[in-house]
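Novice: Contents of input25.txt (compact mmCIF, C-alpha atoms and all ligand atoms) are given next:
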# COMPACT_ATOMS: atom_id res chain seq x y z
CA MET L 1057 104.23 116.19 62.12
CA ASP L 1058 101.76 113.87 63.87
CA ILE L 1059 100.80 113.76 67.52
CA LYS L 1060 98.97 110.46 68.01
CA VAL L 1061 96.24 109.95 70.58
CA SER L 1062 96.44 106.41 72.01
CA VAL L 1063 93.12 105.54 73.62
CA SER L 1064 92.86 102.82 76.25
CA ASP L 1065 90.61 99.92 75.26
CA TRP L 1066 90.61 97.55 78.24
CA GLY L 1067 87.44 95.76 79.38
CA ALA L 1068 88.52 95.66 83.05
CA HIS L 1069 88.47 99.45 83.27
CA GLU L 1070 86.03 102.05 81.98
CA LEU L 1071 85.86 105.82 82.23
CA LEU L 1072 82.15 106.37 82.88
CA ASP L 1073 82.25 110.16 82.93
CA SER L 1074 84.51 113.09 83.74
CA GLY L 1075 84.12 116.77 84.52
CA GLU L 1076 84.40 119.43 87.22
CA LYS L 1077 87.97 118.21 87.89
CA LEU L 1078 86.69 114.72 88.78
CA LYS L 1079 86.54 111.35 87.04
CA LEU L 1080 84.06 108.48 87.50
CA GLU L 1081 85.58 105.11 86.65
CA ARG L 1082 84.85 101.41 86.89
CA PHE L 1083 87.73 99.15 87.95
CA GLY L 1084 86.34 95.62 87.64
CA ASP L 1085 83.11 95.83 89.68
CA ALA L 1086 84.18 98.87 91.69
CA VAL L 1087 82.90 102.30 90.64
CA VAL L 1088 85.01 105.11 92.08
CA ILE L 1089 85.24 108.89 91.99
CA ARG L 1090 88.70 110.49 92.02
CA SER L 1091 90.01 114.00 91.48
CA GLU L 1092 91.33 114.74 87.99
CA PRO L 1093 93.02 118.10 87.37
CA LYS L 1094 92.75 117.65 83.59
CA ALA L 1095 88.91 117.33 83.52
CA TRP L 1096 88.08 121.03 83.13
CA TRP L 1097 84.71 120.59 81.40
CA ALA L 1098 81.18 119.93 82.73
CA LYS L 1099 80.02 116.38 83.58
CA SER L 1100 78.14 114.74 80.66
CA ARG L 1101 76.24 112.02 82.58
CA PRO L 1102 75.48 113.45 86.05
CA GLU L 1103 72.95 110.69 86.84
CA LEU L 1104 75.71 108.03 86.74
CA TRP L 1105 77.72 109.48 89.62
CA LYS L 1106 75.21 108.14 92.16
CA THR L 1107 76.34 104.60 91.30
CA ALA L 1108 79.80 105.12 92.86
CA HIS L 1109 80.88 102.73 95.62
CA ALA L 1110 83.62 105.03 96.87
CA ARG L 1111 85.19 108.44 96.49
CA TYR L 1112 88.74 109.53 97.20
CA LEU L 1113 88.73 112.75 99.24
CA ASP L 1114 91.86 114.82 98.72
CA ASP L 1115 90.81 118.45 99.18
CA ASP L 1116 92.70 118.31 102.47
CA LYS L 1117 96.02 116.81 101.29
CA LYS L 1118 97.18 115.99 104.83
CA ASN L 1119 94.09 113.93 105.55
CA SER L 1120 93.33 112.43 102.13
CA ARG L 1121 91.36 109.16 102.30
CA TRP L 1122 88.75 106.89 100.77
CA LEU L 1123 85.09 107.38 101.68
CA PHE L 1124 82.95 104.29 101.02
CA TYR L 1125 79.25 104.71 100.14
CA LYS L 1126 78.67 100.96 99.67
CA LYS L 1127 80.59 97.81 100.52
CA ILE L 1128 83.00 96.78 97.77
CA ASN L 1129 86.07 94.56 97.60
CA ALA L 1130 89.19 95.80 95.83
CA PRO L 1131 89.09 94.06 92.43
CA VAL L 1132 91.69 91.95 90.64
CA LEU L 1133 91.97 93.21 87.06
CA ASP L 1134 92.96 91.06 84.10
CA PHE L 1135 94.88 92.32 81.06
CA LYS L 1136 95.20 89.47 78.54
CA GLY L 1137 96.13 86.98 81.27
CA VAL L 1138 98.20 89.36 83.42
CA LYS L 1139 96.53 90.08 86.76
CA PHE L 1140 96.77 93.27 88.79
CA ALA L 1141 95.44 93.42 92.34
CA ALA L 1142 93.90 96.85 92.98
CA LYS L 1143 94.00 98.32 96.50
CA PHE L 1144 92.20 101.16 98.25
CA MET L 1145 94.81 102.87 100.43
CA ASP L 1146 94.39 106.07 102.38
CA GLY L 1147 97.09 108.58 101.39
CA SER L 1148 97.02 107.70 97.68
CA LYS L 1149 94.27 108.07 95.13
CA HIS L 1150 95.91 105.45 92.88
CA LEU L 1151 94.62 101.88 92.91
CA GLY L 1152 97.89 100.32 91.74
CA VAL L 1153 97.45 100.42 87.99
CA PHE L 1154 97.28 103.20 85.39
CA PRO L 1155 94.69 102.00 82.83
CA GLU L 1156 95.57 104.70 80.29
CA GLN L 1157 98.87 102.85 79.84
CA SER L 1158 97.20 99.83 78.20
CA PRO L 1159 98.17 100.90 74.62
CA HIS L 1160 101.79 100.82 75.84
CA TRP L 1161 101.31 97.28 77.20
CA ASP L 1162 100.10 96.16 73.76
CA PHE L 1163 103.09 97.85 72.13
CA ILE L 1164 105.51 96.08 74.52
CA ALA L 1165 103.77 92.72 74.03
CA ASN L 1166 104.13 92.94 70.24
CA ALA L 1167 107.62 94.43 70.08
CA ALA L 1168 109.49 91.30 71.25
CA LYS L 1169 108.27 89.16 68.36
CA GLY L 1170 111.00 87.57 66.26
CA ARG L 1171 113.81 88.27 68.78
CA GLN L 1172 115.58 85.60 70.86
CA ASN L 1173 115.61 86.55 74.57
CA PRO L 1174 115.30 90.33 74.15
CA LYS L 1175 116.10 92.32 77.31
CA LEU L 1176 113.83 95.07 78.63
CA LEU L 1177 114.54 97.54 81.43
CA ASN L 1178 111.50 99.13 83.14
CA LEU L 1179 112.51 102.20 85.18
CA PHE L 1180 110.03 103.65 87.73
CA GLY L 1181 108.09 100.37 87.29
CA TYR L 1182 105.64 100.80 90.25
CA THR L 1183 103.41 97.68 90.64
CA GLY L 1184 104.79 95.94 87.58
CA ALA L 1185 102.19 96.32 84.81
CA ALA L 1186 104.66 96.87 81.95
CA THR L 1187 107.15 94.41 83.46
CA LEU L 1188 104.62 91.57 83.75
CA VAL L 1189 103.18 92.13 80.26
CA ALA L 1190 106.76 92.11 78.96
CA ALA L 1191 107.67 88.91 80.81
CA LYS L 1192 104.53 87.14 79.60
CA ASN L 1193 105.41 88.07 76.02
CA GLY L 1194 108.98 86.84 75.79
CA TRP L 1195 111.09 89.63 77.29
CA LEU L 1196 113.77 89.11 79.93
CA ALA L 1197 112.61 91.93 82.17
CA THR L 1198 114.46 94.04 84.76
CA HIS L 1199 112.14 96.12 86.94
CA VAL L 1200 113.43 99.06 88.99
CA ASP L 1201 111.49 101.13 91.52
CA ALA L 1202 112.51 103.06 94.61
CA SER L 1203 109.62 101.75 96.69
CA LYS L 1204 109.93 98.30 98.29
CA PRO L 1205 106.15 98.11 98.94
CA SER L 1206 105.52 98.75 95.21
CA VAL L 1207 108.01 96.06 94.20
CA ASP L 1208 106.42 93.62 96.71
CA TRP L 1209 103.03 94.46 95.20
CA ALA L 1210 104.45 93.80 91.70
CA ARG L 1211 105.79 90.42 92.83
CA ASN L 1212 102.37 89.58 94.23
CA ASN L 1213 100.87 90.48 90.83
CA GLN L 1214 103.45 88.12 89.28
CA ARG L 1215 102.20 85.28 91.52
CA LEU L 1216 98.53 86.11 90.82
CA SER L 1217 99.30 86.03 87.08
CA GLY L 1218 101.00 82.60 87.32
CA LEU L 1219 104.22 84.11 85.95
CA GLU L 1220 106.53 82.90 88.79
CA GLU L 1221 108.71 81.00 86.32
CA LYS L 1222 109.39 84.06 84.17
CA PRO L 1223 112.89 85.56 84.41
CA ILE L 1224 112.21 88.91 86.06
CA ARG L 1225 114.86 90.82 88.04
CA TRP L 1226 113.09 92.86 90.75
CA ILE L 1227 115.28 95.74 91.94
CA VAL L 1228 114.62 98.34 94.64
CA ASP L 1229 116.93 101.20 93.67
CA ASP L 1230 117.15 104.77 92.48
CA ALA L 1231 116.44 104.69 88.72
CA LEU L 1232 119.22 107.10 87.74
CA LYS L 1233 121.84 105.47 89.96
CA PHE L 1234 120.88 102.01 88.69
CA ALA L 1235 121.06 103.05 85.01
CA GLN L 1236 124.45 104.73 85.56
CA ARG L 1237 125.77 101.66 87.39
CA GLU L 1238 124.56 99.40 84.57
CA ALA L 1239 126.43 101.65 82.11
CA ARG L 1240 129.67 101.28 84.13
CA ARG L 1241 129.16 97.49 84.20
CA GLY L 1242 128.66 97.41 80.41
CA SER L 1243 125.13 95.94 80.67
CA LYS L 1244 122.93 96.32 77.60
CA TYR L 1245 119.16 96.29 77.02
CA ASP L 1246 117.18 96.01 73.77
CA ALA L 1247 114.35 98.15 75.10
CA ILE L 1248 113.92 100.69 77.89
CA VAL L 1249 110.61 101.85 79.37
CA LEU L 1250 110.69 104.93 81.57
CA ASP L 1251 107.76 106.53 83.32
CA PRO L 1252 109.39 109.09 85.60
CA PRO L 1253 107.36 111.19 88.02
CA ALA L 1254 107.95 114.96 88.13
CA PHE L 1255 109.48 114.55 91.58
CA GLY L 1256 110.51 111.49 93.58
CA ARG L 1257 112.96 109.99 96.02
CA GLY L 1258 115.20 106.95 95.70
CA PRO L 1259 115.36 104.35 98.53
CA LYS L 1260 118.28 106.22 100.14
CA ASN L 1261 116.44 109.51 99.81
CA GLU L 1262 118.16 110.33 96.48
CA LEU L 1263 116.39 113.30 94.88
CA TRP L 1264 114.68 112.77 91.51
CA LYS L 1265 113.67 116.00 89.74
CA LEU L 1266 112.50 115.38 86.21
CA GLU L 1267 113.21 118.80 84.74
CA LYS L 1268 116.74 118.84 86.07
CA MET L 1269 117.71 115.17 85.80
CA LEU L 1270 116.03 113.76 82.69
CA PRO L 1271 119.07 114.52 80.46
CA GLN L 1272 121.35 112.55 82.83
CA LEU L 1273 118.93 109.63 82.82
CA LEU L 1274 118.61 109.62 79.01
CA GLN L 1275 122.41 109.79 78.75
CA ALA L 1276 122.66 106.67 80.92
CA CYS L 1277 119.93 105.00 78.83
CA GLN L 1278 121.89 105.81 75.67
CA ASN L 1279 124.92 104.05 77.19
CA ILE L 1280 123.00 100.87 78.05
CA LEU L 1281 120.95 100.52 74.87
CA SER L 1282 122.11 97.56 72.78
CA ASP L 1283 123.63 97.98 69.31
CA ASN L 1284 120.49 96.54 67.73
CA PRO L 1285 117.80 98.16 69.90
CA LEU L 1286 114.03 97.70 69.66
CA PHE L 1287 112.73 100.83 71.40
CA VAL L 1288 112.91 103.45 74.13
CA MET L 1289 109.50 104.46 75.51
CA MET L 1290 109.01 107.48 77.77
CA THR L 1291 105.79 108.62 79.45
CA LEU L 1292 105.45 111.96 81.27
CA TYR L 1293 102.64 113.49 83.28
CA SER L 1294 101.90 116.21 85.83
CA ILE L 1295 104.49 118.61 84.46
CA GLU L 1296 104.77 121.56 82.13
CA ALA L 1297 105.69 119.51 79.09
CA SER L 1298 104.38 118.67 75.65
CA ALA L 1299 104.48 115.53 73.52
CA LEU L 1300 106.75 117.31 71.05
CA MET L 1301 109.12 118.20 73.85
CA ALA L 1302 109.29 114.52 74.86
CA LYS L 1303 109.89 113.56 71.21
CA ASN L 1304 112.66 116.15 70.84
CA MET L 1305 114.36 114.77 73.95
CA LEU L 1306 114.35 111.20 72.62
CA GLU L 1307 115.45 112.38 69.18
CA SER L 1308 118.43 114.20 70.58
CA PHE L 1309 119.62 111.18 72.60
CA PHE L 1310 118.70 108.46 70.07
CA PRO L 1311 119.23 110.08 66.64
CA ARG L 1312 119.51 106.74 64.82
CA LEU L 1313 115.99 105.68 65.89
CA LYS L 1314 112.63 106.82 64.49
CA THR L 1315 110.69 108.89 67.02
CA GLU L 1316 106.93 109.26 67.46
CA CYS L 1317 104.92 111.02 70.14
CA GLY L 1318 101.42 111.52 71.42
CA GLU L 1319 99.04 111.50 74.34
CA LEU L 1320 97.59 108.63 76.36
CA ALA L 1321 93.87 109.05 76.95
CA LEU L 1322 90.99 107.10 78.45
CA ARG L 1323 88.09 106.52 76.08
CA GLY L 1324 85.15 108.64 77.27
CA ASN L 1325 81.47 108.91 76.64
CA PRO L 1326 81.54 111.40 74.98
CA MET L 1327 84.78 113.05 76.11
CA PRO L 1328 88.15 111.25 76.04
CA LEU L 1329 90.29 112.12 79.06
CA PRO L 1330 93.95 112.92 78.23
CA LEU L 1331 96.25 111.83 81.05
CA SER L 1332 99.86 111.62 79.92
CA ILE L 1333 102.17 112.38 77.05
CA TRP L 1334 104.57 109.89 75.51
CA ALA L 1335 107.37 109.53 73.02
CA VAL L 1336 108.78 106.31 71.58
CA ALA L 1337 112.04 105.95 69.68
CA SER L 1338 112.14 102.66 67.78
CA ALA L 1339 114.20 100.85 65.18
CA LYS L 1340 113.55 102.29 61.70
C1 LIG A 1 103.54 106.77 88.65
S1 LIG A 1 104.63 105.54 89.00
C2 LIG A 1 105.00 104.87 87.44
C3 LIG A 1 103.85 104.04 86.88
C4 LIG A 1 104.24 102.73 86.22
N1 LIG A 1 105.23 102.93 85.16
C5 LIG A 1 103.02 101.98 85.69
O1 LIG A 1 102.69 102.12 84.51
O2 LIG A 1 102.38 101.29 86.46
C6 LIG A 1 106.09 106.38 89.49
C7 LIG A 1 107.01 105.43 90.26
O3 LIG A 1 108.28 106.03 90.36
C8 LIG A 1 108.87 105.55 91.56
N2 LIG A 1 109.99 106.45 91.89
C9 LIG A 1 109.96 107.74 92.33
N3 LIG A 1 111.22 108.23 92.46
C10 LIG A 1 112.07 107.24 92.07
C11 LIG A 1 113.49 107.12 91.96
N4 LIG A 1 114.28 108.12 92.29
N5 LIG A 1 114.01 105.96 91.49
C12 LIG A 1 113.19 104.91 91.17
N6 LIG A 1 111.84 104.97 91.26
C13 LIG A 1 111.29 106.11 91.70
C14 LIG A 1 107.73 105.55 92.57
O4 LIG A 1 107.99 104.67 93.64
C15 LIG A 1 106.57 105.10 91.67
O5 LIG A 1 106.37 103.70 91.77
Show how you would write the structure in this file as structure tokens.
Specialist:
Amino acid sequence: MDIKVSVSDWGAHELLDSGEKLKLERFGDAVVIRSEPKAWWAKSRPELWKTAHARYLDDDKKNSRWLFYKKINAPVLDFKGVKFAAKFMDGSKHLGVFPEQSPHWDFIANAAKGRQNPKLLNLFGYTGAATLVAAKNGWLATHVDASKPSVDWARNNQRLSGLEEKPIRWIVDDALKFAQREARRGSKYDAIVLDPPAFGRGPKNELWKLEKMLPQLLQACQNILSDNPLFVMMTLYSIEASALMAKNMLESFFPRLKTECGELALRGNPMPLPLSIWAVASAK
């Protein structure tokens, strides 16, 4: 039984080094230091860390913020013609894009080939990376996220990418409620992407707890998957879970599909940095 390691290979982003529970990365021209609970080892290239423009300070969670060492503008990152505007925002160490997901974007881009108007649902879509790559590559995309600011940010990325004409449905809603409502309406999708956090809230304060609610969400996904589906892709992080566990979950809900699993990692020099686990169920 294989567990694949999918390593990000995206010129706009580079992991320069990691260690001591920190990571040093380049986003476009901006070199930043952020905390990374998975980097347990020692730094390999300590001299490089002096080149950072900024560091995210989050030892004190209530007062977490960016500290700038040098002036730098937030970059716009390009993935094969899709543009993502990064932002430095106090209160979040994320810049608006998860570079380790780039192998998934390639998978989504290639999976629509040969299908007329395939429909993709992206749950927990954040700033739209998977949605915009899908739309650029022939999918009719529906994007769902609980956060209006994240959906506005995604729409801005759509404009930056020149994809205004693409048929994207932008929806601010609770992912589980939306999927269950789609099931009642009889809506169908050829592919579903889900990247649920361990814990979250819907726009009306609906509770999302992965460990408790994932089976309900996968049940709803089963009900809205078309009769001739292309894939279901699930990414998990920050929880007590394994790739095999994610695979077993997809296998139990989608027994007619072929299931694979693995980790998403950033290429490192020398150490790759594992960041999430994934499972994909796809047509045999
Ligand atoms: C880490 S992000 C997902 C990353 C994204 N898939 C990507 O690759 O860019 C998690 C997202 O889940 C959203 N979220 C949290 N709870 C939610 C809920 N109950 N329903 C819908 N979205 C939710 C958050 O607003 C956030 O944008």
Novice: Tell me, as a list in words, which residues lie within 9 Å of Phe1287 of chain L, counting all atoms listed in the file; anything in the same chain fewer than 2 positions away does not count.
Specialist: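 Within the cut-off, the hits are Ala1167, Asp1246, Ala1247, Ile1248, Val1249, Leu1281, Pro1285, Met1289, Leu1313, Val1336, Ala1337, Ser1338 and Ala1339 of chain L.
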Novice: Take the residues from that selection and write them out as a JSON list (two decimals), in the frame of the given file, keeping C-alpha atoms.
Specialist:
[["chain", "number", "residue", "atom", "x", "y", "z"],
["L", 1167, "ALA", "CA", 107.62, 94.43, 70.08],
["L", 1246, "ASP", "CA", 117.18, 96.01, 73.77],
["L", 1247, "ALA", "CA", 114.35, 98.15, 75.10],
["L", 1248, "ILE", "CA", 113.92, 100.69, 77.89],
["L", 1249, "VAL", "CA", 110.61, 101.85, 79.37],
["L", 1281, "LEU", "CA", 120.95, 100.52, 74.87],
["L", 1285, "PRO", "CA", 117.80, 98.16, 69.90],
["L", 1289, "MET", "CA", 109.50, 104.46, 75.51],
["L", 1313, "LEU", "CA", 115.99, 105.68, 65.89],
["L", 1336, "VAL", "CA", 108.78, 106.31, 71.58],
["L", 1337, "ALA", "CA", 112.04, 105.95, 69.68],
["L", 1338, "SER", "CA", 112.14, 102.66, 67.78],
["L", 1339, "ALA", "CA", 114.20, 100.85, 65.18]]
Novice: Counting all atoms listed in the file, which of L:Lys1117, L:Lys1077, L:His1150, L:His1109 gets nearest to ligand LIG 1 (chain A)?
Specialist: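 When distances to ligand LIG 1 (chain A) are compared using all atoms listed in the file, the smallest one comes from L:His1150.
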Novice: Please produce, as CSV, a per-residue contact table for chain L versus ligand LIG 1 (chain A) (criterion: any atom at most 6 Å away, only C-alpha atoms and all ligand atoms considered), showing the nearest atom pair and its distance in Å to one decimal, sorted by chain then residue number.
Specialist:
residue,atom,partner,partner_atom,distance
L:Val1153,CA,A:LIG1,O2,5.2
L:Phe1154,CA,A:LIG1,O2,5.6
L:Phe1180,CA,A:LIG1,O3,4.0
L:Gly1181,CA,A:LIG1,N1,4.4
L:Tyr1182,CA,A:LIG1,O5,3.4
L:Thr1183,CA,A:LIG1,O2,5.6
L:Gly1184,CA,A:LIG1,O2,6.0
L:Ala1185,CA,A:LIG1,O2,5.2
L:Asp1201,CA,A:LIG1,N6,3.9
L:Ala1202,CA,A:LIG1,N6,3.9
L:Ser1203,CA,A:LIG1,O4,4.5
L:Asp1229,CA,A:LIG1,C12,5.8
L:Asp1230,CA,A:LIG1,N5,3.5
L:Ala1231,CA,A:LIG1,N5,3.9
L:Asp1251,CA,A:LIG1,N1,4.8
L:Pro1252,CA,A:LIG1,O3,5.8
L:Pro1253,CA,A:LIG1,C6,5.2
L:Gly1256,CA,A:LIG1,N3,3.5
L:Arg1257,CA,A:LIG1,N3,4.3
L:Gly1258,CA,A:LIG1,N4,3.7
L:Trp1264,CA,A:LIG1,N4,4.7
Novice: Using C-alpha atoms, can you write the selected residues to a file as a PDB file, in the frame of the given file?
Specialist:
ATOM      1  CA  VAL L1153      97.450 100.420  87.990  1.00  0.00           C
ATOM      2  CA  PHE L1154      97.280 103.200  85.390  1.00  0.00           C
ATOM      3  CA  PHE L1180     110.030 103.650  87.730  1.00  0.00           C
ATOM      4  CA  GLY L1181     108.090 100.370  87.290  1.00  0.00           C
ATOM      5  CA  TYR L1182     105.640 100.800  90.250  1.00  0.00           C
ATOM      6  CA  THR L1183     103.410  97.680  90.640  1.00  0.00           C
ATOM      7  CA  GLY L1184     104.790  95.940  87.580  1.00  0.00           C
ATOM      8  CA  ALA L1185     102.190  96.320  84.810  1.00  0.00           C
ATOM      9  CA  ASP L1201     111.490 101.130  91.520  1.00  0.00           C
ATOM     10  CA  ALA L1202     112.510 103.060  94.610  1.00  0.00           C
ATOM     11  CA  SER L1203     109.620 101.750  96.690  1.00  0.00           C
ATOM     12  CA  ASP L1229     116.930 101.200  93.670  1.00  0.00           C
ATOM     13  CA  ASP L1230     117.150 104.770  92.480  1.00  0.00           C
ATOM     14  CA  ALA L1231     116.440 104.690  88.720  1.00  0.00           C
ATOM     15  CA  ASP L1251     107.760 106.530  83.320  1.00  0.00           C
ATOM     16  CA  PRO L1252     109.390 109.090  85.600  1.00  0.00           C
ATOM     17  CA  PRO L1253     107.360 111.190  88.020  1.00  0.00           C
ATOM     18  CA  GLY L1256     110.510 111.490  93.580  1.00  0.00           C
ATOM     19  CA  ARG L1257     112.960 109.990  96.020  1.00  0.00           C
ATOM     20  CA  GLY L1258     115.200 106.950  95.700  1.00  0.00           C
ATOM     21  CA  TRP L1264     114.680 112.770  91.510  1.00  0.00           C
TER      22      TRP L1264
END
Novice: For the atom pair atom CA of Phe1140 of chain L and atom CA of Asp1162 of chain L, what is the interatomic distance in Å to one decimal place?
Specialist: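 Computed distance, atom CA of Phe1140 of chain L to atom CA of Asp1162 of chain L, equals 15.7 Å.
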Novice: Could you give me, as a list in words, the residues within 10 Å of segment 1240-1243 of chain L, counting all atoms listed in the file and dropping anything in the same chain fewer than 5 positions from it?
Specialist: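 Answer for this query is Phe1234, Ala1235, Ala1276, Asn1279, Ile1280, Leu1281 and Ser1282 of chain L.
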Novice: So that I have them on file, write out the residues from the current selection with C-alpha atoms, as a PDB file, in the coordinates of the input.
Specialist:
ATOM      1  CA  PHE L1234     120.880 102.010  88.690  1.00  0.00           C
ATOM      2  CA  ALA L1235     121.060 103.050  85.010  1.00  0.00           C
ATOM      3  CA  ALA L1276     122.660 106.670  80.920  1.00  0.00           C
ATOM      4  CA  ASN L1279     124.920 104.050  77.190  1.00  0.00           C
ATOM      5  CA  ILE L1280     123.000 100.870  78.050  1.00  0.00           C
ATOM      6  CA  LEU L1281     120.950 100.520  74.870  1.00  0.00           C
ATOM      7  CA  SER L1282     122.110  97.560  72.780  1.00  0.00           C
TER       8      SER L1282
END
